[in-house]
>>> print(open('run.cif').read())   # mmCIF, C-alpha atoms
data_my_file
loop_
_atom_site.label_atom_id
_atom_site.label_comp_id
_atom_site.auth_asym_id
_atom_site.auth_seq_id
_atom_site.Cartn_x
_atom_site.Cartn_y
_atom_site.Cartn_z
CA PRO A 4 50.49 6.19 -49.59
CA ILE A 5 50.61 3.02 -47.56
CA ASP A 6 53.15 0.25 -47.77
CA PRO A 7 51.75 -3.26 -47.31
CA PRO A 8 54.30 -5.75 -46.00
CA PHE A 9 55.64 -8.45 -48.29
CA ASN A 10 52.82 -10.91 -49.07
CA PRO A 11 50.07 -9.00 -47.22
CA GLN A 12 47.07 -10.99 -46.11
CA LEU A 13 43.66 -9.75 -47.31
CA THR A 14 40.48 -10.79 -45.50
CA GLU A 15 36.89 -9.81 -46.29
CA VAL A 16 34.51 -9.20 -43.38
CA ASN A 17 31.09 -7.53 -43.60
CA GLY A 18 31.70 -5.88 -46.99
CA ALA A 19 35.18 -4.51 -46.31
CA VAL A 20 38.61 -5.92 -47.08
CA PHE A 21 41.05 -5.83 -44.16
CA PHE A 22 44.83 -5.91 -44.36
CA TYR A 23 47.81 -4.70 -42.41
CA ALA A 24 49.98 -1.91 -43.76
CA ASP A 25 52.53 0.73 -42.77
CA ASP A 26 51.75 4.38 -43.49
CA GLY A 27 55.07 5.52 -42.02
CA ARG A 28 53.81 5.41 -38.44
CA GLY A 29 53.99 1.63 -38.02
CA ILE A 30 52.12 -1.47 -39.11
CA GLU A 31 48.44 -1.35 -38.22
CA LEU A 32 45.10 -2.78 -39.33
CA TRP A 33 43.57 -1.09 -42.42
CA GLN A 34 40.35 -1.57 -44.35
CA THR A 35 39.09 -0.70 -47.82
CA ASP A 36 35.83 -0.66 -49.70
CA GLY A 37 37.79 -0.58 -52.97
CA THR A 38 38.01 3.20 -53.30
CA VAL A 39 40.83 5.59 -52.42
CA ALA A 40 38.55 7.52 -50.07
CA GLY A 41 37.37 4.27 -48.47
CA THR A 42 40.89 3.01 -47.71
CA LEU A 43 41.72 3.99 -44.16
CA PRO A 44 43.10 2.72 -40.87
CA ALA A 45 40.59 0.40 -39.18
CA THR A 46 42.19 0.73 -35.77
CA ASN A 47 45.40 1.79 -34.06
CA LEU A 48 45.95 -0.69 -31.25
CA LYS A 49 49.28 0.78 -30.15
CA PRO A 50 49.07 4.54 -30.70
CA ALA A 51 52.04 5.27 -28.44
CA THR A 52 54.35 2.81 -30.22
CA ALA A 53 55.42 2.19 -33.77
CA THR A 54 53.53 -0.98 -34.64
CA SER A 55 50.97 -3.55 -33.56
CA LEU A 56 52.61 -6.36 -35.57
CA LEU A 57 49.39 -7.85 -36.87
CA LEU A 58 49.35 -11.38 -38.21
CA TRP A 59 46.88 -13.99 -39.40
CA LEU A 60 43.77 -12.06 -40.33
CA THR A 61 40.85 -14.52 -40.30
CA LYS A 62 37.08 -14.21 -40.66
CA PHE A 63 35.18 -16.08 -37.94
CA GLN A 64 31.57 -15.54 -36.75
CA ASP A 65 31.18 -12.49 -39.05
CA ALA A 66 34.05 -10.76 -37.26
CA LEU A 67 37.73 -10.26 -37.94
CA PHE A 68 40.12 -12.19 -35.72
CA PHE A 69 43.82 -11.44 -35.73
CA ILE A 70 46.98 -11.86 -33.71
CA THR A 71 49.28 -9.18 -32.31
CA VAL A 72 52.22 -9.44 -29.93
CA ASP A 73 49.64 -9.01 -27.13
CA GLY A 74 47.42 -11.94 -28.06
CA LEU A 75 44.27 -12.88 -29.97
CA TRP A 76 41.96 -10.01 -30.98
CA ARG A 77 38.43 -9.66 -32.38
CA SER A 78 37.05 -6.69 -34.31
CA GLN A 79 33.86 -5.79 -36.13
CA GLY A 80 36.06 -3.55 -38.28
CA THR A 81 36.21 -0.32 -36.31
CA GLY A 82 38.75 0.84 -33.77
CA ALA A 83 36.14 1.01 -31.04
CA SER A 84 35.14 -2.61 -31.64
CA ALA A 85 38.64 -4.12 -31.34
CA GLN A 86 38.79 -6.29 -28.21
CA LEU A 87 41.55 -8.49 -26.84
CA VAL A 88 40.02 -11.98 -26.67
CA LYS A 89 42.94 -13.73 -24.99
CA PRO A 90 46.37 -12.43 -24.00
CA GLY A 91 49.35 -14.61 -24.86
CA GLN A 92 51.45 -15.72 -27.77
CA PHE A 93 49.57 -17.10 -30.76
CA ALA A 94 50.41 -18.13 -34.31
CA GLN A 95 48.30 -19.28 -37.24
CA LEU A 96 44.52 -19.00 -37.15
CA LEU A 97 42.27 -21.57 -38.78
CA VAL A 98 38.50 -22.06 -38.79
CA ALA A 99 37.34 -25.67 -38.58
CA GLY A 100 33.71 -26.46 -37.88
CA ASN A 101 32.34 -23.83 -35.51
CA LEU A 102 35.67 -23.15 -33.78
CA LEU A 103 38.76 -21.07 -34.36
CA PHE A 104 42.03 -22.94 -33.87
CA SER A 105 45.50 -21.55 -33.25
CA ILE A 106 48.93 -22.47 -32.01
CA GLY A 107 49.13 -20.86 -28.58
CA THR A 108 51.70 -20.60 -25.81
CA ASP A 109 51.29 -19.64 -22.17
CA ALA A 110 53.37 -20.07 -18.99
CA GLU A 111 51.95 -23.54 -18.29
CA HIS A 112 52.11 -24.98 -21.80
CA GLY A 113 54.65 -24.80 -24.58
CA PRO A 114 53.31 -24.24 -28.09
CA GLU A 115 50.15 -26.37 -28.34
CA LEU A 116 46.84 -26.49 -30.19
CA TRP A 117 44.31 -23.97 -28.82
CA ARG A 118 40.63 -23.56 -29.67
CA SER A 119 38.36 -20.57 -29.39
CA ASP A 120 34.67 -19.90 -29.62
CA GLY A 121 35.47 -16.18 -29.89
CA THR A 122 35.40 -15.45 -26.14
CA ASP A 123 38.07 -15.29 -23.43
CA ALA A 124 36.51 -18.15 -21.44
CA GLY A 125 36.12 -20.24 -24.59
CA THR A 126 39.78 -19.87 -25.63
CA PHE A 127 42.06 -22.52 -24.16
CA PRO A 128 44.49 -25.35 -24.99
CA VAL A 129 42.84 -28.43 -26.51
CA LYS A 130 45.49 -30.81 -25.16
CA ASP A 131 49.00 -30.52 -23.74
CA ILE A 132 50.50 -32.93 -26.29
CA ASN A 133 54.01 -32.68 -24.85
CA PRO A 134 53.15 -32.06 -21.16
CA GLY A 135 54.51 -29.01 -19.42
CA PRO A 136 56.26 -26.04 -20.97
CA ALA A 137 58.18 -28.12 -23.53
CA THR A 138 57.19 -27.57 -27.14
CA SER A 139 55.24 -30.15 -29.09
CA GLY A 140 56.64 -28.82 -32.35
CA ILE A 141 53.07 -28.27 -33.52
CA GLY A 142 52.54 -26.90 -36.99
CA ASN A 143 50.81 -27.10 -40.37
CA LEU A 144 47.22 -26.63 -39.15
CA THR A 145 44.79 -27.69 -41.90
CA ALA A 146 40.99 -27.94 -41.80
CA LEU A 147 38.98 -30.84 -43.24
CA ASN A 148 35.36 -31.81 -42.53
CA GLY A 149 35.05 -29.73 -39.35
CA LYS A 150 38.31 -31.01 -37.86
CA VAL A 151 41.79 -29.59 -37.68
CA PHE A 152 44.73 -31.74 -38.74
CA PHE A 153 48.29 -30.92 -37.67
CA VAL A 154 51.70 -32.36 -36.92
CA ALA A 155 53.06 -32.51 -33.38
CA ASP A 156 55.52 -34.41 -31.17
CA SER A 157 54.29 -35.94 -27.88
CA GLY A 158 57.86 -36.11 -26.56
CA SER A 159 59.11 -39.04 -28.64
CA ARG A 160 61.20 -36.72 -30.86
CA ARG A 161 59.10 -37.79 -33.85
CA LEU A 162 56.37 -35.75 -35.46
CA GLY A 163 53.06 -37.50 -35.81
CA LEU A 164 49.80 -36.64 -37.56
CA TRP A 165 47.08 -35.48 -35.16
CA GLN A 166 43.45 -34.40 -35.54
CA SER A 167 40.95 -32.64 -33.30
CA ASP A 168 37.39 -31.36 -33.40
CA GLY A 169 38.16 -29.09 -30.45
#
>>> encode(input="run.cif", output="structure tokens")
Amino acid sequence: PIDPPFNPQLTEVNGAVFFYADDGRGIELWQTDGTVAGTLPATNLKPATATSLLLWLTKFQDALFFITVDGLWRSQGTGASAQLVKPGQFAQLLVAGNLLFSIGTDAEHGPELWRSDGTDAGTFPVKDINPGPATSGIGNLTALNGKVFFVADSGSRRLGLWQSDG
């Protein structure tokens, strides 16, 4: 038996449903075709440790994108296909238009809006809203008409409504 975490996220990609679950060896990415025999681990990103801590499963470009403590990952659904797209700290994934958006943090920027076209080179901050490593307090990413809407603080200590097309 497997134990999905509280409020597990389910995401369909290429005819399989993906989710994260703990089979007693740590939280990893799983997939199912709806049968007992077809419910199995999709990949084990951290075989030497207890868990990969997967978050935010999202379908983008007919692939599965997800976040671990290592960064942003892409998978076609098999262990061999899992690739680290961009190392770093990320939270929330959202598709708007033909881009994938996230809240990302690196050494140069505090938490800011990032965009991705699914590649390492195409994954970068959209704008340093509160310049430098200070946080912009970004949150609540929501897609509408190919744009992402969110709240952030440019340093004024007041959250404002922002939008971007990437």
>>> atom_distance(input="run.cif", atom1="CA of Glu31 (chain A)", atom2="CA of Leu13 (chain A)")
13.3 Å
>>> resolve_selection(input="run.cif", expression="the PyMOL selection byres ((chain A and resi 65-79) around 7)", output="ChimeraX atom specification")
/A:16-17,55-64,80-81,84-93
>>> residues_around(input="run.cif", residues="Gly41 (chain A)", least_positions_apart="5", cutoff="12 Å", atoms="all atoms listed in the file", output="list in words")
Gly18, Ala19, Val20, Phe21, Trp33, Gln34, Thr35 and Asp36 of chain A
>>> write_last_selection(input="run.cif", atoms="C-alpha atoms", output="CSV table (one decimal), in the frame of the given file")
chain,number,residue,atom,x,y,z
A,18,GLY,CA,31.7,-5.9,-47.0
A,19,ALA,CA,35.2,-4.5,-46.3
A,20,VAL,CA,38.6,-5.9,-47.1
A,21,PHE,CA,41.0,-5.8,-44.2
A,33,TRP,CA,43.6,-1.1,-42.4
A,34,GLN,CA,40.4,-1.6,-44.4
A,35,THR,CA,39.1,-0.7,-47.8
A,36,ASP,CA,35.8,-0.7,-49.7
>>> atom_distance(input="run.cif", atom1="CA of Phe104 (chain A)", atom2="CA of Gly29 (chain A)")
27.6 Å
>>> residues_around(input="run.cif", residues="Glu111 (chain A)", least_positions_apart="4", cutoff="12 Å", atoms="all atoms listed in the file", output="ChimeraX atom specification")
/A:91,107,115,127-128,130-131,133-138
>>> resolve_selection(input="run.cif", expression="the PyMOL selection byres ((chain A and resi 147) around 12)", output="list in words")
Leu97, Val98, Ala99, Gly100, Leu144, Thr145, Ala146, Asn148, Gly149, Lys150, Val151, Phe152, Phe153, Gln166, Ser167 and Asp168 of chain A
>>> closest_residue(input="run.cif", among="A:Gly125, A:Gly27, A:Gly142, A:Gly37", to="Leu162 (chain A)", atoms="all atoms listed in the file")
A:Gly142
>>> atom_distance(input="run.cif", atom1="CA of Asp123 (chain A)", atom2="CA of Leu48 (chain A)")
18.3 Å
>>> closest_residue(input="run.cif", among="A:Ala94, A:Ala155, A:Ala45, A:Leu32", to="Gly140 (chain A)", atoms="only C-alpha atoms")
A:Ala155
>>> closest_residue(input="run.cif", among="A:Thr46, A:Ser119, A:Val39, A:Gly158", to="Tyr23 (chain A)", atoms="only C-alpha atoms")
A:Thr46
